[in-house]
Amino acid sequence: MKHRRIPTRRAAVAGGAVVALLGAGVTFQTANASEEAPRIPVKTLTAPAAAALAVTLDSSLGGDAAGAYYDAQAKHLVVNVVDEAAADAVRKAGGRARLVEHTLAELTGARQTLKSRATIPGTSWAVDPVSNKVVVTADRTVGKADWEKLGQVVKGLGSRAELKRTAGEFKPFIGGGDAIHSGGGRCSLGFNVVKDGSPHFITAGHCGEQGSQWSDSRGGAAIGTMVDSRFPGDDFALVKYDGDTAHPSEVNLYNGSSQAITTAVEATVGMKVTRSGSTTQVHEGEVTGLNATVNYGNGQVVEGLIQTDVCAEPGDSGGSLFSGDAAVGLTSGGSGDCSAGGETFFQPVTEALSTFGARIG
């Protein structure tokens with residue numbers, strides 16, 4: 001790697017000027033560069049466009065990338081980097097570069113340590129590019145002994161991780177756009193998709209098993225059959241429509257209107273998102289973490305989820321998470337409710353589409 005980041009000890013000696021610069025979110029560049037070279041303007045981007053640019057830069061920067069997030073107020077993509085060459089590449093692409101201490105590989109290593117040493121029911125962890133740490137959360141069911149064990153593991157990770165509590169309980173939201181029913185259970189339809197030229201829809205994997213039949217009303221005639229279901233590990237499922245059921249590519253906004261969905265995008269921390277579900281209908285919030293691992297209990301561990309501050313409740317499972325006309329996620333589970341708030345986790349739509357060989361439509 002060229003121009004490796006300043007070691008921690010040297011950074012401390014360098015004084016408060018660098019810290020002040022980073023705290024203000026100013027683009028990382030040397031003093032000479034800022035005086036001698038013209039400043040490249042940062043692109044104004046929508047959240048989906050920023051997510052697409054983040055994917056491109058992550059691929060091109062390789063080990064020099066350390067995560068990215070969307071500054072919704074400025075409408076800029078902020079990209080964490082660990083050296084000057086990477087910062088220049090980010091600026092040339094229209095992003096805002098930010099020097100950080102930990103590489104993405106180091107944070108991924110911290111996640112692997114947590115997986116091997118702290119897979120405790122009622123816990124989760126996700127990469128937070130804003131703090132450049134892995135944020136570890138324990139719900140109210142984690143007892144004293146497990147809390148202490150978790151604390152020791154997090155302490156051993158040093159500045160790469162931090163530990164916090166949540167008042168709720170992590171659990172899949174069984175029961176949750178439009179309601180769909182199977183037997184005595186209820187979930188929500190996520191997005192209508194096309195596979196092999198035929199209409200299907202995707203929902204949460206924990207909602208049902210392969211072969212289960214689904215209707216759009218309780219006790220009603222089946223409108224589709226679940227042809228694939230992935231849970232735990234992942235949390236997505238594919239249902240093939242039977243007959244000629246209408247299947248518009250849109251999400252119910254529960255106000256007499258709907259939002260057309262034309263594409264699917266990766267999530268970015270800071271992205272403003274909206275969730276639609278059959279229990280609590282429509283709520284908004286933002287993405288707060290990526291690559292989240294959630295230990296729901298009973299061996300039900302799901303990885304690679306999107307963490308948000310959007311509320312949800314039982315019955316919202318499988319429902320749509322979207323940003324404008326872009327599909328983002330499928331409701332998996334979380335803690336809290338829409339009165340007290342809490343965290344909610346979503347299965348990335350892009351992974352489900354890739355796995356099933358399907359497209360939005």
# chains A, B, ... in the order shown; residues from 1 in each chain; ligands from 1
>>> residues_around(residues="segment 95-110 of chain A", least_positions_apart="3", cutoff="8 Å", atoms="only C-alpha atoms", output="count of residues only")
36
>>> residues_around(residues="segment 293-309 of chain A", least_positions_apart="4", cutoff="8 Å", atoms="only C-alpha atoms", output="PDB file with C-alpha atoms, in the first residue's frame")
ATOM      1  CA  THR A 119     -21.913 -15.135  19.250  1.00  0.00           C
ATOM      2  CA  ILE A 120     -24.333 -14.574  22.125  1.00  0.00           C
ATOM      3  CA  PRO A 121     -28.139 -14.545  21.678  1.00  0.00           C
ATOM      4  CA  GLY A 122     -29.465 -11.003  21.902  1.00  0.00           C
ATOM      5  CA  THR A 123     -26.413  -9.311  20.386  1.00  0.00           C
ATOM      6  CA  SER A 124     -25.582  -7.621  17.105  1.00  0.00           C
ATOM      7  CA  TRP A 125     -22.658  -5.830  15.518  1.00  0.00           C
ATOM      8  CA  ALA A 126     -22.281  -3.634  12.452  1.00  0.00           C
ATOM      9  CA  PHE A 170     -33.780  -8.631  19.073  1.00  0.00           C
ATOM     10  CA  LYS A 171     -36.240 -10.939  17.323  1.00  0.00           C
ATOM     11  CA  PRO A 172     -37.511 -11.629  13.825  1.00  0.00           C
ATOM     12  CA  PHE A 231     -32.974 -18.454   6.817  1.00  0.00           C
ATOM     13  CA  PRO A 232     -30.940 -18.319   9.014  1.00  0.00           C
ATOM     14  CA  GLY A 233     -27.626 -17.057   7.608  1.00  0.00           C
ATOM     15  CA  ASP A 234     -29.623 -14.917   5.172  1.00  0.00           C
ATOM     16  CA  ASP A 235     -33.242 -13.767   5.433  1.00  0.00           C
ATOM     17  CA  ALA A 267     -27.486   0.815   1.151  1.00  0.00           C
ATOM     18  CA  GLY A 285     -35.454   6.946   9.107  1.00  0.00           C
ATOM     19  CA  GLU A 286     -31.899   6.381   7.961  1.00  0.00           C
ATOM     20  CA  VAL A 287     -29.293   3.677   7.553  1.00  0.00           C
ATOM     21  CA  THR A 288     -26.982   3.552  10.589  1.00  0.00           C
ATOM     22  CA  GLY A 289     -24.771   0.520   9.891  1.00  0.00           C
ATOM     23  CA  GLY A 329     -34.053  -3.988   1.830  1.00  0.00           C
ATOM     24  CA  GLY A 341     -38.419   3.283  18.794  1.00  0.00           C
ATOM     25  CA  GLY A 342     -35.505   0.892  18.423  1.00  0.00           C
ATOM     26  CA  GLU A 343     -33.260  -0.716  15.814  1.00  0.00           C
ATOM     27  CA  THR A 344     -34.517  -2.604  12.774  1.00  0.00           C
ATOM     28  CA  PHE A 345     -32.426  -4.798  10.470  1.00  0.00           C
ATOM     29  CA  PHE A 346     -33.042  -5.411   6.785  1.00  0.00           C
ATOM     30  CA  GLN A 347     -31.863  -8.015   4.294  1.00  0.00           C
ATOM     31  CA  PRO A 348     -30.223  -6.233   1.324  1.00  0.00           C
TER      32      PRO A 348
END
>>> closest_atom_pairs(of="segment 125-239 of chain A", to="segment 351-356 of chain A", cutoff="8 Å", atoms="only C-alpha atoms", output="tab-separated table")
residue	atom	partner	partner_atom	distance
A:Lys195	CA	A:Phe356	CA	7.6
A:Ile202	CA	A:Ala352	CA	7.9
A:Phe236	CA	A:Ala352	CA	6.3
A:Ala237	CA	A:Ala352	CA	7.8
A:Leu238	CA	A:Phe356	CA	7.7
>>> write_last_selection(atoms="N, CA and C atoms", output="PDB file, in the first residue's frame")
ATOM      1  N   LYS A 195     -38.452 -13.329 -12.632  1.00  0.00           N
ATOM      2  CA  LYS A 195     -37.426 -14.366 -12.748  1.00  0.00           C
ATOM      3  C   LYS A 195     -37.795 -15.290 -13.902  1.00  0.00           C
ATOM      4  N   ILE A 202     -40.521 -11.100  -3.580  1.00  0.00           N
ATOM      5  CA  ILE A 202     -39.569 -11.472  -2.540  1.00  0.00           C
ATOM      6  C   ILE A 202     -40.072 -10.965  -1.190  1.00  0.00           C
ATOM      7  N   PHE A 236     -34.167 -14.102   3.210  1.00  0.00           N
ATOM      8  CA  PHE A 236     -34.975 -13.719   2.058  1.00  0.00           C
ATOM      9  C   PHE A 236     -35.608 -14.954   1.440  1.00  0.00           C
ATOM     10  N   ALA A 237     -36.726 -14.741   0.759  1.00  0.00           N
ATOM     11  CA  ALA A 237     -37.466 -15.839   0.144  1.00  0.00           C
ATOM     12  C   ALA A 237     -38.091 -15.359  -1.158  1.00  0.00           C
ATOM     13  N   LEU A 238     -38.386 -16.335  -2.042  1.00  0.00           N
ATOM     14  CA  LEU A 238     -38.959 -16.040  -3.350  1.00  0.00           C
ATOM     15  C   LEU A 238     -40.276 -16.795  -3.506  1.00  0.00           C
TER      16      LEU A 238
END
>>> atom_distance(atom1="atom CA of Ser188 of chain A", atom2="atom CA of Asp242 of chain A")
17.6 Å
>>> atom_distance(atom1="atom CA of Glu148 of chain A", atom2="atom CA of Ser335 of chain A")
21.3 Å
